[in-house]
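Taking it in order: structure first as structure tokens, then the write-up.
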Amino acid sequence: MIHPSYVELMKVVNNETEIGEEPVVNSRYAIVIATAKRARQLIAGDEPLAEQRTCPKPLSVAVEELYEGKVKIIPAESANE
């Protein structure tokens with residue numbers, strides 16, 4: 001079993017969402033895209049923001065960063081502004 005699961009990641013990412021607001025992430029697909037994008041940034045040379053506890057692989061580090069809240073997902077509408 002992979003830890004954290006996508007359900008746990010979605011809870012962490014959406015925890016700052018107010019009641020009645022649209023969640024930042026509402027599908028597994030969005031979590032996968034966000035972690036893959038961060039993993040590509042790490043491969044390109046960005047410094048990891050989380051300690052490498054389990055595995056030094058970029059995707060594992062990206063998942064850990066997202067779970068610890070060190071990386072935020074910005075909704076597409078906010079990114080365009």
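Scheme for the structure tokens: letters A, B, ... for chains in order shown; per-chain residue numbers from 1; ligand numbers from 1 in order shown.
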- For range 44-50 of chain A, please output as a PyMOL selection string all residues within 12 Å (counting only C-alpha atoms; exclusion window: fewer than 3 positions along the same chain). chain A and resi 37-41+53-72
- So what do you get for CA of Glu16 in chain A versus CA of His3 in chain A, distance-wise? 21.5 Å
- Item | In chain A, DSSP helix (DSSP H, G or I) residues written as a PyMOL selection string | chain A and resi 6-14+28-43+58-68+76-80
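Reported to one decimal place, the separation of CA of Val7 in chain A from CA of Thr35 in chain A is 13.8 Å.
CA of Tyr29 in chain A is found 11.9 Å from CA of Leu9 in chain A.
Each of A:Pro4, A:Glu18, A:Val24, A:Met10 was checked against Ile74 in chain A using only C-alpha atoms; the smallest atom-to-atom distance is that of A:Val24.
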